[in-house]
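Participant: There's a structure below that I have some questions on.
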Amino acid sequence: MINIQFLTLELYNYRKISHIYLSLANKGIVRVEGKNGAGKSSIFESIVWILFGADSRRSSVSSVIKIGESSVKGTLVVNINDKRYTITRERTATSTTITVVSNTDDKVFTNTKDGQEYLNSLLNITLDTFYQLIFLRQYNISNFFELTDLYQKNFFDIIFDFSAFTDLHEYYDALYKYLNTINTKYENLKSWLTAFLIRLKDENIKLQTLEIPNEEDNIEDKINECKIEADKLKEKIDESTKKLEEEKNKLLTKKDIIENLSNIIKDFKLKEKFFPEKVDLYKESLDSDKCIVCERALNQKLITKFTTTLNELEDLKNDLATMELNRFKENEEYSNILSTIRVLESDIKTFEIRQNNYTNKIKYIIEGNNTAKTKKEQIDSIINSRNDIIEKNNKKIQSIEKILNNTNWKALTELLESIKNIKDLFGKQGLKNNFLDIYLVALQTKINFILEELLPNTKLTISTVKETSTGDFRRHLNIKITKDSNELSYFDLSGGERKRLDMSFILAVHALLEELGSFSSNILILDEAFDGLDADGMEEFSNYIRGYEKSSIFLITHTPYTTYADNLISVE
C-alpha cells in the first residue's frame, strides 16, 4: 500500500508563474479563484510535471518554461510511506535534471529516463490513475458522457487497470506455445524412437538366429552335374548336326529330281501342244470311216496312222499325269525334309543355349562360392561379437522404453490443458469481463448514492454488453438515466443537471479506485468543479465533499462565489 502525503510545492518560472510557494497539507477546503488564463490550473499541473515529466495540455515540453526565461524549476516535498522526499525537476531548453533527496540518500539524474524510472518505482502509480485519484481535470469532470464509446471503454480499461489480465494471458499464451512446441517435438521423437526400438529388437532376433550355409561342401558335385549335363547336350548337338547334314543332302537330291521332272514335263507339254489340231480331225474321220477334209473313204494306212497318233497322244497324257504325280510327291517329300531341317536347326540352337547356360552356371557357382566365403567371413566376425552387439542393443532398448514410458510426458499434456484454461481465463472473454461487471455494479451504486445529494430523484443504470447486427456481443458502455420515473437521455438534462451528473460519475470513480487500489493520498484537486452550477449547486457540492477524508481539497474555479471554504487562493 502506497500512502503519499503532499506537503509543499514551490515553482520558479512555470508557465505564467514567476514564483510560488504553497503549503498543500491540512488546508481543508481551498477555493482557488481567478480569471480564465490566470494560471490557476497551472499551479496543480506542475505537480504532474514534477512527478511524471508530462504536460497535461499535450503541448511541447519546453512550453512549461515561462516566456522570457531560460529554465523552469519545480520542487515538491512529500512523505511516501512515512519517508520524506524532496523531488526537484529542473529543465532548460535542452536538458532536464531530476533530483530526489531523502533523509537516507540523495540522487541526481541527468538522464531523464533513469530519473523517471526511479520516481515511478517510488510512486507505484500510472499517470492516468493519478488523474483519477488526485487531480480530477476539467474535461474528465465535464465531458465524459459526451465522448465516444471507444474512449469510454478505454477509460474503464485505464482507470481499473486490466493490464494485469492481458499480461497474464500473454505470459500463459507464450508458455503454452513453448510447452506445446516441446510436446510436439517429443511426439516426433516418440514416433522415431518407437520405430528405432522395433528395428533394434528385429536386429537382435536376426543376430540370435544367424546361421551360415556351407556352400563349399557340395560345390564340386554341382559343377560336375553341370558338366555332365553340358556333355549330354554336346552329344545331342553332334547327333543333330550329323542328321542335319544328311537331311540337307537328301534335300539336294530331291531338288535335282524335282528339277529333272519339271524339265521332262515341260518337254512333254511342248509335244502335246502339236497334237490337238489333228486329234479332232482323226477322231471324226475314224468315227465316220471317211476323211472329213476330202470326203474319201479311209484306207488301212490312214486308219493305222490315225489310230497310232491317237494312241501316242493318250500314252503321252498318261505319262504326263504320272510325272505330275511324281513331281507332287517329290515336292511333298522336299517340304518334309525342309521342315525336318528347320526342327533340327532349332534343336541345335536350343541345345547350344542350354549348354551355354550350364557353362555360365558353373561360372556363377564358382563366383557365388567366393561371395559366400567372403560373407561367411563377415558374418563369422559378427557372430564372434554378436553378444556384445546384442548387449549394447538391449541397453539402447531399455533407455528408449524408459523414455517412452516416462509419466512426465503425460503430466505435460495435462499441464498444457491447465495452462490453456488459465490463459483463456485471463483472455478477452475471461475474468476481465466478470471483474468489469462487478466494478460497474459498484460504480453504479456509488453514483446513485452521490446523486441523492447532488441531483435528487435521479438514478443511473450502467451496462456494457451490446448485441451487434451479426448476433455477436461486444463491450459497449450503455447508460440509462431515470429522473422522476422518466427515462431520459443525457442531453434531456439541463446544463446544471448534466454537470451534477458528470461530477457524481467522476467522484464515484474516484471513490471506487481508492477502495480498490493500493494508493492513498492526503489531497484532492478538482478543476472547474463549479462550472455550470448555480449558487445552490455550489453549496450542495461543497457540503458533500466536506465529508471526504482529505486534509486538503483544492477547488479550482473562475466562478466569483463566496461559498464557505476554509481557505482561499486568489490568482491574479
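Within each chain, counting starts at residue 1; across the C-alpha cells, chains are named A, B, ... in the order shown, with ligands numbered 1 upward in that order.
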At a cut-off of 9 Å, using only C-alpha atoms, what residues contact A:Thr458? Leave out same-chain residues fewer than 5 positions from it and give the result as a list in words.

Facilitator: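 Close residues of A:Thr458: Asn448, Leu451, Glu452, Ile481, Thr482, Lys483, Asp484, Ser485 and Leu501 of chain A.
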
Participant: Neighbours of A:Arg386 within 12 Å (only C-alpha atoms; same-chain residues fewer than 5 positions away dropped), as a ChimeraX atom specification?

Facilitator: /A:203-210,378-381,391-394

Participant: Of the candidates A:Gln300, A:Ser240, A:Asn421, A:Ser63, which shows the shortest atom-to-atom distance to A:Asp173, using only C-alpha atoms?

Facilitator: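 Looking at the shortest contact to A:Asp173, the residue is A:Asn421.
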
Participant: Just the residues within 12 Å of A:Asp55, please, counting only C-alpha atoms, with nothing from its chain fewer than 4 positions along; format it as an NGL selection string.

Facilitator: :A and (14-15 or 41-42 or 44-51 or 59-65 or 127)

Participant: Quick one: write out the picked residues with N, CA, C and O atoms as an mmCIF file, in the first residue's frame?

Facilitator:
data_model
loop_
_atom_site.group_PDB
_atom_site.id
_atom_site.type_symbol
_atom_site.label_atom_id
_atom_site.label_comp_id
_atom_site.auth_asym_id
_atom_site.auth_seq_id
_atom_site.Cartn_x
_atom_site.Cartn_y
_atom_site.Cartn_z
ATOM 1 N N TYR A 14 7.266 28.634 -13.990
ATOM 2 C CA TYR A 14 6.420 27.582 -14.578
ATOM 3 C C TYR A 14 5.228 28.244 -15.257
ATOM 4 O O TYR A 14 4.404 28.905 -14.594
ATOM 5 N N ARG A 15 5.169 28.124 -16.581
ATOM 6 C CA ARG A 15 4.148 28.754 -17.396
ATOM 7 C C ARG A 15 4.078 30.265 -17.086
ATOM 8 O O ARG A 15 5.054 30.971 -17.319
ATOM 9 N N SER A 41 -5.003 26.495 -12.897
ATOM 10 C CA SER A 41 -4.748 25.068 -13.148
ATOM 11 C C SER A 41 -3.256 24.773 -13.235
ATOM 12 O O SER A 41 -2.798 23.686 -12.858
ATOM 13 N N SER A 42 -2.485 25.763 -13.720
ATOM 14 C CA SER A 42 -1.049 25.537 -13.890
ATOM 15 C C SER A 42 -0.371 25.190 -12.575
ATOM 16 O O SER A 42 0.592 24.396 -12.542
ATOM 17 N N PHE A 44 -1.371 23.360 -10.199
ATOM 18 C CA PHE A 44 -1.503 21.946 -9.866
ATOM 19 C C PHE A 44 -1.039 21.028 -11.003
ATOM 20 O O PHE A 44 -0.645 19.888 -10.770
ATOM 21 N N GLU A 45 -1.075 21.564 -12.252
ATOM 22 C CA GLU A 45 -0.491 20.791 -13.352
ATOM 23 C C GLU A 45 1.008 20.627 -13.159
ATOM 24 O O GLU A 45 1.609 19.650 -13.640
ATOM 25 N N SER A 46 1.610 21.566 -12.417
ATOM 26 C CA SER A 46 3.051 21.459 -12.166
ATOM 27 C C SER A 46 3.383 20.216 -11.344
ATOM 28 O O SER A 46 4.477 19.667 -11.463
ATOM 29 N N ILE A 47 2.440 19.771 -10.494
ATOM 30 C CA ILE A 47 2.681 18.550 -9.720
ATOM 31 C C ILE A 47 2.854 17.362 -10.663
ATOM 32 O O ILE A 47 3.741 16.524 -10.483
ATOM 33 N N VAL A 48 1.994 17.316 -11.699
ATOM 34 C CA VAL A 48 2.096 16.251 -12.704
ATOM 35 C C VAL A 48 3.437 16.331 -13.419
ATOM 36 O O VAL A 48 4.102 15.328 -13.673
ATOM 37 N N TRP A 49 3.854 17.567 -13.750
ATOM 38 C CA TRP A 49 5.128 17.743 -14.453
ATOM 39 C C TRP A 49 6.310 17.297 -13.589
ATOM 40 O O TRP A 49 7.223 16.608 -14.051
ATOM 41 N N ILE A 50 6.290 17.673 -12.303
ATOM 42 C CA ILE A 50 7.410 17.314 -11.410
ATOM 43 C C ILE A 50 7.487 15.798 -11.234
ATOM 44 O O ILE A 50 8.567 15.204 -11.292
ATOM 45 N N LEU A 51 6.339 15.150 -11.034
ATOM 46 C CA LEU A 51 6.338 13.714 -10.737
ATOM 47 C C LEU A 51 6.497 12.844 -11.984
ATOM 48 O O LEU A 51 7.153 11.801 -11.942
ATOM 49 N N SER A 59 1.134 19.979 -24.988
ATOM 50 C CA SER A 59 1.918 20.893 -25.818
ATOM 51 C C SER A 59 3.382 20.501 -25.706
ATOM 52 O O SER A 59 3.722 19.523 -25.046
ATOM 53 N N SER A 60 4.282 21.237 -26.353
ATOM 54 C CA SER A 60 5.694 20.878 -26.278
ATOM 55 C C SER A 60 6.184 21.020 -24.848
ATOM 56 O O SER A 60 5.744 21.903 -24.103
ATOM 57 N N VAL A 61 7.105 20.133 -24.462
ATOM 58 C CA VAL A 61 7.573 20.102 -23.071
ATOM 59 C C VAL A 61 8.232 21.425 -22.699
ATOM 60 O O VAL A 61 8.097 21.916 -21.574
ATOM 61 N N SER A 62 8.919 22.006 -23.677
ATOM 62 C CA SER A 62 9.623 23.265 -23.370
ATOM 63 C C SER A 62 8.652 24.408 -23.100
ATOM 64 O O SER A 62 9.044 25.439 -22.564
ATOM 65 N N SER A 63 7.348 24.221 -23.438
ATOM 66 C CA SER A 63 6.373 25.303 -23.236
ATOM 67 C C SER A 63 6.077 25.537 -21.764
ATOM 68 O O SER A 63 5.420 26.527 -21.419
ATOM 69 N N VAL A 64 6.514 24.644 -20.874
ATOM 70 C CA VAL A 64 6.299 24.874 -19.440
ATOM 71 C C VAL A 64 7.216 25.987 -18.929
ATOM 72 O O VAL A 64 7.028 26.488 -17.811
ATOM 73 N N ILE A 65 8.225 26.354 -19.700
ATOM 74 C CA ILE A 65 9.130 27.437 -19.286
ATOM 75 C C ILE A 65 8.442 28.783 -19.534
ATOM 76 O O ILE A 65 7.906 29.039 -20.615
ATOM 77 N N LEU A 127 0.189 7.607 -14.610
ATOM 78 C CA LEU A 127 -0.288 8.975 -14.765
ATOM 79 C C LEU A 127 -1.804 9.015 -14.884
ATOM 80 O O LEU A 127 -2.465 9.866 -14.268
#

Participant: Considering only C-alpha atoms, state which residue in the set A:Thr445, A:Thr413, A:Thr94, A:Thr340 is at the smallest distance from A:Leu179.

Facilitator: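 Residue with the minimum atom-to-atom distance to A:Leu179: A:Thr413.
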
Participant: Using only C-alpha atoms, determine which residues lie at most 8 Å from A:Lys423, disregarding the query and same-chain residues fewer than 5 positions distant; provide the list as a compact mmCIF listing (two decimals) with N, CA and C atoms, in the first residue's frame.

Facilitator:
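Dumped everything to result-v3.txt:
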# COMPACT_ATOMS: atom_id res chain seq x y z
N LEU A 168 -0.97 -11.47 -17.98
CA LEU A 168 -1.04 -12.88 -17.59
C LEU A 168 -1.45 -13.75 -18.78
N HIS A 169 -2.43 -13.25 -19.56
CA HIS A 169 -2.85 -14.01 -20.75
C HIS A 169 -1.68 -14.19 -21.71
N GLU A 170 -0.95 -13.11 -21.96
CA GLU A 170 0.19 -13.19 -22.89
C GLU A 170 1.28 -14.10 -22.33
N TYR A 172 0.91 -16.67 -20.17
CA TYR A 172 0.48 -18.07 -20.25
C TYR A 172 0.36 -18.53 -21.70
N ASP A 173 0.01 -17.61 -22.60
CA ASP A 173 -0.05 -17.97 -24.02
C ASP A 173 1.34 -18.32 -24.54

Participant: With DSSP run on the backbone, what are the strand (DSSP E) residues within stretch 441-561 of chain A? I'd like them as a ChimeraX atom specification.

Facilitator: /A:458-467,473-483,486-488,519-521,523-527,552-557

Participant: Which residues are near A:Gln132? Cut-off 8 Å, only C-alpha atoms, ignore same chain within fewer than 5 positions. Put them as a list in words.

Facilitator: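 So the residues in contact are Ile159, Ile506, Val509, His510 and Leu513 of chain A.
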
Participant: May I have the residues from that selection written out with all heavy atoms, as a CSV table (one decimal), in the first residue's frame?

Facilitator:
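again-v8.csv written:
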chain,number,residue,atom,x,y,z
A,159,ILE,N,-8.6,3.2,-15.9
A,159,ILE,CA,-8.8,3.5,-14.5
A,159,ILE,C,-8.9,2.3,-13.7
A,159,ILE,O,-8.5,2.3,-12.5
A,159,ILE,CB,-10.0,4.4,-14.3
A,159,ILE,CG1,-11.3,3.7,-14.7
A,159,ILE,CG2,-9.9,5.7,-15.0
A,159,ILE,CD1,-12.6,4.4,-14.4
A,506,ILE,N,-17.7,11.1,-11.9
A,506,ILE,CA,-16.2,11.1,-11.7
A,506,ILE,C,-15.8,11.0,-10.2
A,506,ILE,O,-14.8,10.4,-9.9
A,506,ILE,CB,-15.6,12.4,-12.3
A,506,ILE,CG1,-14.2,12.2,-12.7
A,506,ILE,CG2,-15.8,13.6,-11.4
A,506,ILE,CD1,-14.0,11.3,-13.8
A,509,VAL,N,-16.1,7.3,-9.5
A,509,VAL,CA,-14.9,6.6,-10.0
A,509,VAL,C,-13.8,6.8,-9.0
A,509,VAL,O,-13.0,5.8,-8.7
A,509,VAL,CB,-14.5,7.1,-11.4
A,509,VAL,CG1,-13.2,6.5,-11.8
A,509,VAL,CG2,-15.6,6.7,-12.4
A,510,HIS,N,-13.6,8.0,-8.6
A,510,HIS,CA,-12.5,8.3,-7.6
A,510,HIS,C,-12.6,7.5,-6.4
A,510,HIS,O,-11.7,6.9,-5.9
A,510,HIS,CB,-12.5,9.8,-7.3
A,510,HIS,CG,-11.7,10.2,-6.2
A,510,HIS,ND1,-10.3,10.4,-6.3
A,510,HIS,CD2,-12.0,10.5,-4.9
A,510,HIS,CE1,-9.8,10.7,-5.1
A,510,HIS,NE2,-10.8,10.8,-4.2
A,513,LEU,N,-11.9,3.8,-7.0
A,513,LEU,CA,-10.5,3.5,-7.2
A,513,LEU,C,-9.8,3.5,-5.9
A,513,LEU,O,-8.8,2.8,-5.7
A,513,LEU,CB,-9.9,4.5,-8.2
A,513,LEU,CG,-10.2,4.3,-9.7
A,513,LEU,CD1,-9.6,5.4,-10.5
A,513,LEU,CD2,-9.6,2.9,-10.1
